[in-house]
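Chemist: Dropping the structure in here first, questions after.
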Amino acid sequence: MLEKKHGRIVKGLGGLFEIRIDTGSAPERISCRAKGNLKRDEEKLLVGDLVTVACDTDTPDGVVISEVMERKNALIRPPLSNLDYLFIVFAAAKPSPVIDTVDKLISIAEYSGITPVVVITKSDTQKSAAAEYAEIYRRSGFIAFVTSSEDGEGIAALSEYINNEVRDGRLAAFAGASGVGKSTLMNALFPSLSLATSEISRKIERGRHTTRHVEIFDISSDPNTGLLADTPGFSLIDFARFDFFSLDELLSTFRDISPYTGKCRYVDCAHVGEGVDECAVARAAAEGKICPSRLESYRSIYRVLKEKKNY
Ligand SMILES: Nc1nc2c(ncn2[C@@H]2O[C@H](COP(=O)(O)OP(=O)(O)OP(=O)(O)O)[C@@H](O)[C@H]2O)c(=O)[nH]1
Ligand SMILES: [Mg+2]
Ligand SMILES: [Zn+2]
């Protein structure tokens with residue numbers, strides 16, 4: 001008879017969840033639903049959640065999720081909890097990068113205490129652009145990888161990073177627009193995953209939303225390794241609609257800009273267009289210490305959050 005077991009939700013579709021049970025050795029996976037009080041509120045359960053599974057002979061599966069542990073963090077897009085790393089993936093070209101979304105994801109990760117890692121894919125299609133993007137993020141204080149699943153560039157380096165960092169049950173997710181090559185990259189890194197991939201639309205150069213749901217995989221059968229999530233592509237992170245964090249918290253999510261604040265002429269300087277004489281951030285940008293695209297992203301999120309606060 002099944003006693004209570006502890007595990008992690010690794011997949012959830014139509015109210016049916018797959019739980020990876022911690023066994024110490026080869027993890028066991030079981031399917032079950034949630035107990036009544038957890039089921040009512042769909043948002044109560046997320047892939048990534050650490051849960052207790054208990055025996056319940058009244059249910060078709062014989063077991064139910066009876067309890068959810070407190071989360072250390074939770075994301076809306078991709079919908080996942082308890083992340084340690086967020087690999088923010090964009091292609092050097094096809095589809096063209098949307099830097100605004102990349103920087104929003106970085107800010108959300110920073111706010112949530114998740115380590116952001118920048119991954120540029122398809123370097124074979126645009127060598128110089130890929131290197132330039134990596135340079136922007138490295139100069140801004142992030143770890144960035146340039147990869148190509150086509151010619152193999154950067155695969156060994158990224159796989160080494162993952163093997164060193166994403167260990168001991170830690171959880172990392174690949175996130176970014178549809179068609180940037182998240183699943184292809186995960187297959188190149190760990191061929192046993194065999195994730196489905198498909199060509200982007202030639203006409204509009206957009207992905208076809210091949211990955212349809214979030215799912216967490218074991219990196220290997222070695223229990224000391226970690227977990228990786230593949231996620232469906234998305235294009236928009238809407239700060240006007242969702243409350244990721246407030247205006248007052250924005251600066252702390254920009255590790256490359258926050259060190260220059262506090263030295264502006266006016267204490268309430270918003271660093272959104274003041275001149276170099278007044279604003280230390282504008283000065284740092286003019287001296288090349290802050291990358292223009294990062295400052296632009298900061299200002300664009302600032303404007304949205306400011307309007308929301310005034311509303
Ligand atoms: N040239 C080139 N093509 C790539 C590379 N990586 C992926 N692709 C192609 O890009 C297309 C989309 O790849 P997927 O892995 O399905 O993209 P995805 O990010 O998982 O997309 P969704 O699941 O829809 O979010 C496929 O045709 C891949 O073969 C690469 O490094 N270089
Ligand atoms: Mg995919
Ligand atoms: Zn300023």
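Labels for the structure tokens follow display order: chains A, B, ..., residues from 1 in each chain, ligands from 1.
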Residues within 8 Å of ligand 2, counting only C-alpha atoms and all ligand atoms: report them as a list in words.
Modeler: Ser178, Gly179, Gly181, Lys182, Ser183, Thr184, Leu195, Ala196, Thr197, Ser198, His209, Thr210, Thr211, Arg212, Asp230, Thr231, Pro232 and Gly233 of chain A
Chemist: Please dump the current selection as an mmCIF file, in the first residue's frame; keep N, CA and C atoms.
Modeler:
```cif
data_model
loop_
_atom_site.group_PDB
_atom_site.id
_atom_site.type_symbol
_atom_site.label_atom_id
_atom_site.label_comp_id
_atom_site.auth_asym_id
_atom_site.auth_seq_id
_atom_site.Cartn_x
_atom_site.Cartn_y
_atom_site.Cartn_z
ATOM 1 N N SER A 178 8.772 31.195 -30.163
ATOM 2 C CA SER A 178 8.591 29.966 -30.936
ATOM 3 C C SER A 178 9.532 29.986 -32.143
ATOM 4 N N GLY A 179 10.180 28.861 -32.396
ATOM 5 C CA GLY A 179 11.019 28.734 -33.586
ATOM 6 C C GLY A 179 12.469 29.161 -33.409
ATOM 7 N N GLY A 181 14.573 27.654 -31.668
ATOM 8 C CA GLY A 181 15.390 26.433 -31.629
ATOM 9 C C GLY A 181 15.660 25.907 -30.227
ATOM 10 N N LYS A 182 14.732 26.127 -29.315
ATOM 11 C CA LYS A 182 14.912 25.644 -27.934
ATOM 12 C C LYS A 182 14.986 24.113 -27.885
ATOM 13 N N SER A 183 13.990 23.466 -28.500
ATOM 14 C CA SER A 183 13.946 22.001 -28.443
ATOM 15 C C SER A 183 15.111 21.391 -29.226
ATOM 16 N N THR A 184 15.433 22.008 -30.373
ATOM 17 C CA THR A 184 16.560 21.516 -31.175
ATOM 18 C C THR A 184 17.852 21.591 -30.365
ATOM 19 N N LEU A 195 13.288 15.490 -28.411
ATOM 20 C CA LEU A 195 12.103 16.367 -28.406
ATOM 21 C C LEU A 195 11.670 16.671 -29.834
ATOM 22 N N ALA A 196 10.375 16.906 -30.006
ATOM 23 C CA ALA A 196 9.854 17.235 -31.338
ATOM 24 C C ALA A 196 10.250 18.666 -31.709
ATOM 25 N N THR A 197 10.599 18.859 -32.986
ATOM 26 C CA THR A 197 10.940 20.196 -33.484
ATOM 27 C C THR A 197 10.278 20.348 -34.845
ATOM 28 N N SER A 198 10.117 21.596 -35.329
ATOM 29 C CA SER A 198 9.685 21.728 -36.723
ATOM 30 C C SER A 198 10.093 23.056 -37.302
ATOM 31 N N HIS A 209 4.877 26.909 -33.058
ATOM 32 C CA HIS A 209 4.427 26.453 -31.730
ATOM 33 C C HIS A 209 4.425 24.932 -31.637
ATOM 34 N N THR A 210 5.585 24.387 -31.908
ATOM 35 C CA THR A 210 5.738 22.931 -31.921
ATOM 36 C C THR A 210 5.627 22.349 -30.513
ATOM 37 N N THR A 211 6.342 22.946 -29.567
ATOM 38 C CA THR A 211 6.237 22.487 -28.181
ATOM 39 C C THR A 211 4.962 23.096 -27.607
ATOM 40 N N ARG A 212 4.074 22.225 -27.134
ATOM 41 C CA ARG A 212 2.741 22.686 -26.738
ATOM 42 C C ARG A 212 2.547 22.833 -25.235
ATOM 43 N N ASP A 230 11.614 22.048 -21.095
ATOM 44 C CA ASP A 230 11.359 22.633 -22.410
ATOM 45 C C ASP A 230 10.001 23.321 -22.293
ATOM 46 N N THR A 231 9.848 24.454 -22.965
ATOM 47 C CA THR A 231 8.626 25.239 -22.794
ATOM 48 C C THR A 231 8.119 25.716 -24.154
ATOM 49 N N PRO A 232 6.824 25.992 -24.275
ATOM 50 C CA PRO A 232 6.292 26.500 -25.541
ATOM 51 C C PRO A 232 6.769 27.935 -25.785
ATOM 52 N N GLY A 233 6.992 28.269 -27.041
ATOM 53 C CA GLY A 233 7.435 29.624 -27.360
ATOM 54 C C GLY A 233 6.336 30.646 -27.108
#
```
Chemist: With only C-alpha atoms and all ligand atoms counted, collect every polymer residue having an atom within 7 Å of ligand 3; state the result as JSON, numbers by chain.
Modeler: {"A": [261, 264, 269, 270, 271, 274, 278, 279, 280, 281, 282]}
Chemist: Please produce an output containing N, CA and C atoms for each residue in the selection, written as a PDB file, in the first residue's frame.
Modeler:
```
ATOM      1  N   THR A 261      23.081  54.575 -10.159  1.00  0.00           N
ATOM      2  CA  THR A 261      22.045  55.442  -9.610  1.00  0.00           C
ATOM      3  C   THR A 261      22.488  55.977  -8.251  1.00  0.00           C
ATOM      4  N   CYS A 264      22.759  60.967  -9.300  1.00  0.00           N
ATOM      5  CA  CYS A 264      22.150  61.936 -10.214  1.00  0.00           C
ATOM      6  C   CYS A 264      21.926  63.251  -9.466  1.00  0.00           C
ATOM      7  N   CYS A 269      15.453  61.355  -9.694  1.00  0.00           N
ATOM      8  CA  CYS A 269      15.759  61.156 -11.116  1.00  0.00           C
ATOM      9  C   CYS A 269      15.277  59.773 -11.554  1.00  0.00           C
ATOM     10  N   ALA A 270      14.559  59.738 -12.687  1.00  0.00           N
ATOM     11  CA  ALA A 270      14.026  58.453 -13.163  1.00  0.00           C
ATOM     12  C   ALA A 270      14.953  57.830 -14.213  1.00  0.00           C
ATOM     13  N   HIS A 271      15.968  58.563 -14.648  1.00  0.00           N
ATOM     14  CA  HIS A 271      16.954  58.079 -15.633  1.00  0.00           C
ATOM     15  C   HIS A 271      16.272  57.708 -16.951  1.00  0.00           C
ATOM     16  N   GLU A 274      16.780  62.362 -18.884  1.00  0.00           N
ATOM     17  CA  GLU A 274      17.499  63.504 -18.350  1.00  0.00           C
ATOM     18  C   GLU A 274      18.869  63.576 -19.035  1.00  0.00           C
ATOM     19  N   GLU A 278      22.658  66.042 -15.578  1.00  0.00           N
ATOM     20  CA  GLU A 278      21.813  65.732 -14.418  1.00  0.00           C
ATOM     21  C   GLU A 278      21.879  64.266 -14.010  1.00  0.00           C
ATOM     22  N   CYS A 279      21.944  63.390 -15.003  1.00  0.00           N
ATOM     23  CA  CYS A 279      21.705  61.970 -14.730  1.00  0.00           C
ATOM     24  C   CYS A 279      22.984  61.129 -14.875  1.00  0.00           C
ATOM     25  N   ALA A 280      23.335  60.453 -13.792  1.00  0.00           N
ATOM     26  CA  ALA A 280      24.550  59.617 -13.789  1.00  0.00           C
ATOM     27  C   ALA A 280      24.396  58.400 -14.701  1.00  0.00           C
ATOM     28  N   VAL A 281      23.169  57.944 -14.867  1.00  0.00           N
ATOM     29  CA  VAL A 281      22.918  56.801 -15.753  1.00  0.00           C
ATOM     30  C   VAL A 281      23.148  57.222 -17.209  1.00  0.00           C
ATOM     31  N   ALA A 282      22.616  58.399 -17.566  1.00  0.00           N
ATOM     32  CA  ALA A 282      22.818  58.920 -18.924  1.00  0.00           C
ATOM     33  C   ALA A 282      24.316  59.122 -19.177  1.00  0.00           C
TER      34      ALA A 282
END
```
Chemist: Find the residues near Ile136 of chain A: any atom within 12 Å, counting only C-alpha atoms, skip ones fewer than 2 places away on the same chain, and give them as a count of residues only.
Modeler: 27
Chemist: Nearest residue to ligand 1 out of A:Ala229, A:Leu80, A:Ile301, A:Met186, using only C-alpha atoms and all ligand atoms?
Modeler: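 Distance minimum relative to ligand 1 lands on A:Met186.
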Chemist: Could you list, as an MDAnalysis selection string, every residue within 7 Å of Gly226 of chain A, counting only C-alpha atoms and ignoring same-chain residues fewer than 2 positions away?
Modeler: chainID A and resid 166:171 218:219 224 228
Chemist: Save the residues we just selected, N, CA and C atoms, as an mmCIF file, in the first residue's frame?
Modeler:
```cif
data_model
loop_
_atom_site.group_PDB
_atom_site.id
_atom_site.type_symbol
_atom_site.label_atom_id
_atom_site.label_comp_id
_atom_site.auth_asym_id
_atom_site.auth_seq_id
_atom_site.Cartn_x
_atom_site.Cartn_y
_atom_site.Cartn_z
ATOM 1 N N VAL A 166 23.737 22.912 -13.226
ATOM 2 C CA VAL A 166 22.390 22.384 -13.016
ATOM 3 C C VAL A 166 22.516 20.962 -12.465
ATOM 4 N N ARG A 167 22.845 20.900 -11.171
ATOM 5 C CA ARG A 167 23.127 19.609 -10.532
ATOM 6 C C ARG A 167 22.220 19.411 -9.335
ATOM 7 N N ASP A 168 22.303 18.235 -8.763
ATOM 8 C CA ASP A 168 21.656 17.952 -7.477
ATOM 9 C C ASP A 168 20.187 18.358 -7.455
ATOM 10 N N GLY A 169 19.489 18.023 -8.509
ATOM 11 C CA GLY A 169 18.060 18.293 -8.544
ATOM 12 C C GLY A 169 17.695 19.733 -8.857
ATOM 13 N N ARG A 170 18.689 20.567 -9.168
ATOM 14 C CA ARG A 170 18.346 21.949 -9.545
ATOM 15 C C ARG A 170 17.579 21.931 -10.856
ATOM 16 N N LEU A 171 16.795 23.003 -11.052
ATOM 17 C CA LEU A 171 15.900 23.047 -12.212
ATOM 18 C C LEU A 171 16.214 24.255 -13.104
ATOM 19 N N ASP A 218 14.759 14.723 -16.826
ATOM 20 C CA ASP A 218 16.023 14.457 -16.131
ATOM 21 C C ASP A 218 17.158 14.619 -17.128
ATOM 22 N N ILE A 219 18.226 15.311 -16.736
ATOM 23 C CA ILE A 219 19.371 15.462 -17.629
ATOM 24 C C ILE A 219 19.994 14.102 -17.913
ATOM 25 N N ASN A 224 22.573 12.598 -9.312
ATOM 26 C CA ASN A 224 23.225 13.857 -8.930
ATOM 27 C C ASN A 224 23.073 14.955 -9.969
ATOM 28 N N LEU A 228 15.808 19.706 -16.557
ATOM 29 C CA LEU A 228 15.677 20.725 -17.600
ATOM 30 C C LEU A 228 14.242 20.761 -18.097
#
```
Chemist: Using DSSP assignments from the backbone, pull out every residue in segment 101-302 of chain A that falls under strand (DSSP E) and give it to me as a ChimeraX atom specification.
Modeler: /A:115-121,143-146,171-175,215-218,227-230
Chemist: Distance atom 29 (O, counted along the ligand's line) of ligand 1-atom CA of Glu199 of chain A, one decimal place?
Modeler: 5.8 Å
Chemist: As an exercise, work out the distance from atom CA of Glu165 of chain A to atom 6 (N, counted along the ligand's line) of ligand 1 in Å and give it to one decimal place.
Modeler: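 Atom 6 (N, counted along the ligand's line) of ligand 1 lies 22.9 Å from atom CA of Glu165 of chain A.
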Chemist: From the options A:Val53, A:Val63, A:Val119, A:Arg241, which residue's atoms come nearest to Tyr161 of chain A, counting only C-alpha atoms?
Modeler: A:Val119
Chemist: Given the choices A:Asn164, A:Ser258, A:Thr57, A:Ser112, which gets closest to Ile76 of chain A if the distance is worked out from only C-alpha atoms?
Modeler: A:Ser112
Chemist: Using only C-alpha atoms, pick whichever of A:Leu38, A:Ile237, A:Ala92, A:Ala284 has the shortest atom-to-atom distance to Pro259 of chain A.
Modeler: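 For Pro259 of chain A, the nearest of the given residues is A:Ala284.
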Chemist: What's the 10 Å shell around Asp243 of chain A, counting only C-alpha atoms, without same-chain residues fewer than 2 positions away, as a PyMOL selection string?
Modeler: chain A and resi 76+238-241+245-246+305+308
Chemist: One decimal, Å: what's the distance from atom CA of Gly7 of chain A over to atom 20 (O, counted along the ligand's line) of ligand 1, could you say?
Modeler: 26.4 Å
Chemist: In terms of the shortest atom-to-atom distance over only C-alpha atoms and all ligand atoms, which of A:Ser96, A:Ser220, A:Ser159, A:Thr147 is closest to ligand 1?
Modeler: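 Using only C-alpha atoms and all ligand atoms, ligand 1 sits closest to A:Thr147.
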Chemist: Extract, using only C-alpha atoms, all DNA, RNA and protein residues at most 9 Å from Tyr111 of chain A, discarding same-chain residues fewer than 5 positions from it, and format them as a PyMOL selection string.
Modeler: chain A and resi 106+244-245+249-250+252-253
Chemist: Among segment 206-309 of chain A, which residues does DSSP mark as alpha helix (DSSP H) when it is run on the backbone? Keep the chain and numbering as in the structure and answer as JSON, numbers by chain.
Modeler: {"A": [247, 248, 249, 250, 280, 281, 282, 283, 284, 285, 286, 292, 293, 294, 295, 296, 297, 298, 299, 300, 301, 302, 303, 304, 305, 306, 307, 308, 309]}
Chemist: Kindly save the residues from that selection, with N, CA and C atoms included, as a PDB file, in the first residue's frame.
Modeler:
```pdb
ATOM      1  N   LEU A 247       7.005  49.400 -10.148  1.00  0.00           N
ATOM      2  CA  LEU A 247       7.934  50.424 -10.625  1.00  0.00           C
ATOM      3  C   LEU A 247       9.121  50.589  -9.677  1.00  0.00           C
ATOM      4  N   ASP A 248       8.839  50.558  -8.369  1.00  0.00           N
ATOM      5  CA  ASP A 248       9.912  50.755  -7.380  1.00  0.00           C
ATOM      6  C   ASP A 248      10.945  49.634  -7.411  1.00  0.00           C
ATOM      7  N   GLU A 249      10.535  48.500  -7.936  1.00  0.00           N
ATOM      8  CA  GLU A 249      11.447  47.351  -7.933  1.00  0.00           C
ATOM      9  C   GLU A 249      12.240  47.212  -9.242  1.00  0.00           C
ATOM     10  N   LEU A 250      11.871  48.029 -10.233  1.00  0.00           N
ATOM     11  CA  LEU A 250      12.454  47.876 -11.568  1.00  0.00           C
ATOM     12  C   LEU A 250      13.980  47.998 -11.580  1.00  0.00           C
ATOM     13  N   ALA A 280      23.335  60.453 -13.792  1.00  0.00           N
ATOM     14  CA  ALA A 280      24.550  59.617 -13.789  1.00  0.00           C
ATOM     15  C   ALA A 280      24.396  58.400 -14.701  1.00  0.00           C
ATOM     16  N   VAL A 281      23.169  57.944 -14.867  1.00  0.00           N
ATOM     17  CA  VAL A 281      22.918  56.801 -15.753  1.00  0.00           C
ATOM     18  C   VAL A 281      23.148  57.222 -17.209  1.00  0.00           C
ATOM     19  N   ALA A 282      22.616  58.399 -17.566  1.00  0.00           N
ATOM     20  CA  ALA A 282      22.818  58.920 -18.924  1.00  0.00           C
ATOM     21  C   ALA A 282      24.316  59.122 -19.177  1.00  0.00           C
ATOM     22  N   ARG A 283      25.022  59.578 -18.143  1.00  0.00           N
ATOM     23  CA  ARG A 283      26.467  59.801 -18.254  1.00  0.00           C
ATOM     24  C   ARG A 283      27.188  58.464 -18.487  1.00  0.00           C
ATOM     25  N   ALA A 284      26.845  57.477 -17.701  1.00  0.00           N
ATOM     26  CA  ALA A 284      27.478  56.158 -17.842  1.00  0.00           C
ATOM     27  C   ALA A 284      27.209  55.583 -19.231  1.00  0.00           C
ATOM     28  N   ALA A 285      25.984  55.810 -19.738  1.00  0.00           N
ATOM     29  CA  ALA A 285      25.650  55.314 -21.075  1.00  0.00           C
ATOM     30  C   ALA A 285      26.483  56.046 -22.128  1.00  0.00           C
ATOM     31  N   ALA A 286      26.624  57.374 -21.953  1.00  0.00           N
ATOM     32  CA  ALA A 286      27.404  58.166 -22.913  1.00  0.00           C
ATOM     33  C   ALA A 286      28.871  57.732 -22.901  1.00  0.00           C
ATOM     34  N   PRO A 292      23.406  50.597 -24.946  1.00  0.00           N
ATOM     35  CA  PRO A 292      22.222  51.353 -25.350  1.00  0.00           C
ATOM     36  C   PRO A 292      20.933  50.518 -25.367  1.00  0.00           C
ATOM     37  N   SER A 293      21.005  49.291 -25.844  1.00  0.00           N
ATOM     38  CA  SER A 293      19.776  48.491 -25.943  1.00  0.00           C
ATOM     39  C   SER A 293      19.237  48.158 -24.557  1.00  0.00           C
ATOM     40  N   ARG A 294      20.123  47.984 -23.589  1.00  0.00           N
ATOM     41  CA  ARG A 294      19.693  47.663 -22.228  1.00  0.00           C
ATOM     42  C   ARG A 294      19.014  48.876 -21.608  1.00  0.00           C
ATOM     43  N   LEU A 295      19.590  50.078 -21.836  1.00  0.00           N
ATOM     44  CA  LEU A 295      18.989  51.288 -21.291  1.00  0.00           C
ATOM     45  C   LEU A 295      17.625  51.530 -21.942  1.00  0.00           C
ATOM     46  N   GLU A 296      17.561  51.248 -23.234  1.00  0.00           N
ATOM     47  CA  GLU A 296      16.290  51.400 -23.950  1.00  0.00           C
ATOM     48  C   GLU A 296      15.231  50.453 -23.352  1.00  0.00           C
ATOM     49  N   SER A 297      15.613  49.226 -23.062  1.00  0.00           N
ATOM     50  CA  SER A 297      14.670  48.269 -22.464  1.00  0.00           C
ATOM     51  C   SER A 297      14.225  48.751 -21.084  1.00  0.00           C
ATOM     52  N   TYR A 298      15.181  49.257 -20.305  1.00  0.00           N
ATOM     53  CA  TYR A 298      14.853  49.772 -18.976  1.00  0.00           C
ATOM     54  C   TYR A 298      13.797  50.877 -19.104  1.00  0.00           C
ATOM     55  N   ARG A 299      14.052  51.788 -20.020  1.00  0.00           N
ATOM     56  CA  ARG A 299      13.151  52.931 -20.181  1.00  0.00           C
ATOM     57  C   ARG A 299      11.789  52.494 -20.694  1.00  0.00           C
ATOM     58  N   SER A 300      11.766  51.510 -21.544  1.00  0.00           N
ATOM     59  CA  SER A 300      10.463  51.057 -22.070  1.00  0.00           C
ATOM     60  C   SER A 300       9.640  50.373 -20.964  1.00  0.00           C
ATOM     61  N   ILE A 301      10.281  49.580 -20.114  1.00  0.00           N
ATOM     62  CA  ILE A 301       9.524  48.964 -19.005  1.00  0.00           C
ATOM     63  C   ILE A 301       9.109  50.055 -18.011  1.00  0.00           C
ATOM     64  N   TYR A 302      10.014  51.011 -17.776  1.00  0.00           N
ATOM     65  CA  TYR A 302       9.709  52.105 -16.853  1.00  0.00           C
ATOM     66  C   TYR A 302       8.420  52.805 -17.274  1.00  0.00           C
ATOM     67  N   ARG A 303       8.325  53.142 -18.564  1.00  0.00           N
ATOM     68  CA  ARG A 303       7.151  53.884 -19.047  1.00  0.00           C
ATOM     69  C   ARG A 303       5.861  53.099 -18.829  1.00  0.00           C
ATOM     70  N   VAL A 304       5.910  51.803 -19.084  1.00  0.00           N
ATOM     71  CA  VAL A 304       4.707  50.976 -18.904  1.00  0.00           C
ATOM     72  C   VAL A 304       4.314  50.924 -17.428  1.00  0.00           C
ATOM     73  N   LEU A 305       5.302  50.709 -16.558  1.00  0.00           N
ATOM     74  CA  LEU A 305       4.995  50.597 -15.125  1.00  0.00           C
ATOM     75  C   LEU A 305       4.565  51.935 -14.531  1.00  0.00           C
ATOM     76  N   LYS A 306       5.121  53.009 -15.063  1.00  0.00           N
ATOM     77  CA  LYS A 306       4.771  54.352 -14.583  1.00  0.00           C
ATOM     78  C   LYS A 306       3.308  54.650 -14.918  1.00  0.00           C
ATOM     79  N   GLU A 307       2.925  54.332 -16.143  1.00  0.00           N
ATOM     80  CA  GLU A 307       1.552  54.582 -16.580  1.00  0.00           C
ATOM     81  C   GLU A 307       0.572  53.752 -15.753  1.00  0.00           C
ATOM     82  N   LYS A 308       0.980  52.522 -15.467  1.00  0.00           N
ATOM     83  CA  LYS A 308       0.145  51.625 -14.679  1.00  0.00           C
ATOM     84  C   LYS A 308      -0.040  52.168 -13.263  1.00  0.00           C
ATOM     85  N   LYS A 309       1.022  52.750 -12.711  1.00  0.00           N
ATOM     86  CA  LYS A 309       0.973  53.285 -11.347  1.00  0.00           C
ATOM     87  C   LYS A 309       0.057  54.508 -11.286  1.00  0.00           C
TER      88      LYS A 309
END
```
Chemist: Show which residues sit within 10 Å of Pro27 of chain A, as a list in words. Count only C-alpha atoms, and ignore same-chain residues fewer than 3 positions away.
Modeler: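 Contacts, in chain order: Gly7, Ile19, Arg20, Ile21, Asp22, Thr23, Gly24, Ile30, Asp218, Ser221, Asp222 and Pro223 of chain A.
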Chemist: Please produce a file of the residues just selected, as a CSV table (one decimal), in the first residue's frame, where the atoms kept are N, CA and C atoms.
Modeler:
```csv
chain,number,residue,atom,x,y,z
A,7,GLY,N,7.4,14.4,-4.4
A,7,GLY,CA,7.9,14.5,-5.7
A,7,GLY,C,7.7,15.9,-6.3
A,19,ILE,N,4.0,13.1,-11.9
A,19,ILE,CA,4.8,13.5,-10.8
A,19,ILE,C,6.1,12.6,-10.8
A,20,ARG,N,7.2,13.3,-10.7
A,20,ARG,CA,8.5,12.6,-10.6
A,20,ARG,C,8.8,12.4,-9.1
A,21,ILE,N,8.7,11.1,-8.7
A,21,ILE,CA,8.8,10.8,-7.3
A,21,ILE,C,10.3,10.7,-6.9
A,22,ASP,N,10.7,11.3,-5.8
A,22,ASP,CA,12.1,11.2,-5.4
A,22,ASP,C,12.3,9.8,-4.8
A,23,THR,N,13.2,9.0,-5.4
A,23,THR,CA,13.4,7.7,-4.8
A,23,THR,C,14.9,7.6,-4.4
A,24,GLY,N,15.7,8.6,-4.7
A,24,GLY,CA,17.1,8.5,-4.3
A,24,GLY,C,17.9,7.9,-5.5
A,30,ILE,N,4.7,8.9,-11.8
A,30,ILE,CA,3.3,8.5,-11.7
A,30,ILE,C,2.4,9.6,-12.2
A,218,ASP,N,14.8,14.7,-16.8
A,218,ASP,CA,16.0,14.5,-16.1
A,218,ASP,C,17.2,14.6,-17.1
A,221,SER,N,20.3,9.7,-16.1
A,221,SER,CA,19.8,8.8,-15.1
A,221,SER,C,20.6,8.9,-13.8
A,222,ASP,N,21.7,9.6,-13.8
A,222,ASP,CA,22.5,9.9,-12.6
A,222,ASP,C,21.7,10.8,-11.7
A,223,PRO,N,21.4,10.3,-10.4
A,223,PRO,CA,20.6,11.1,-9.5
A,223,PRO,C,21.3,12.4,-9.1
```
Chemist: Just checking: using only C-alpha atoms and all ligand atoms, which residue out of A:Glu160, A:Glu150, A:Asp84, A:Glu18 ends up closest to ligand 1?
Modeler: A:Glu150
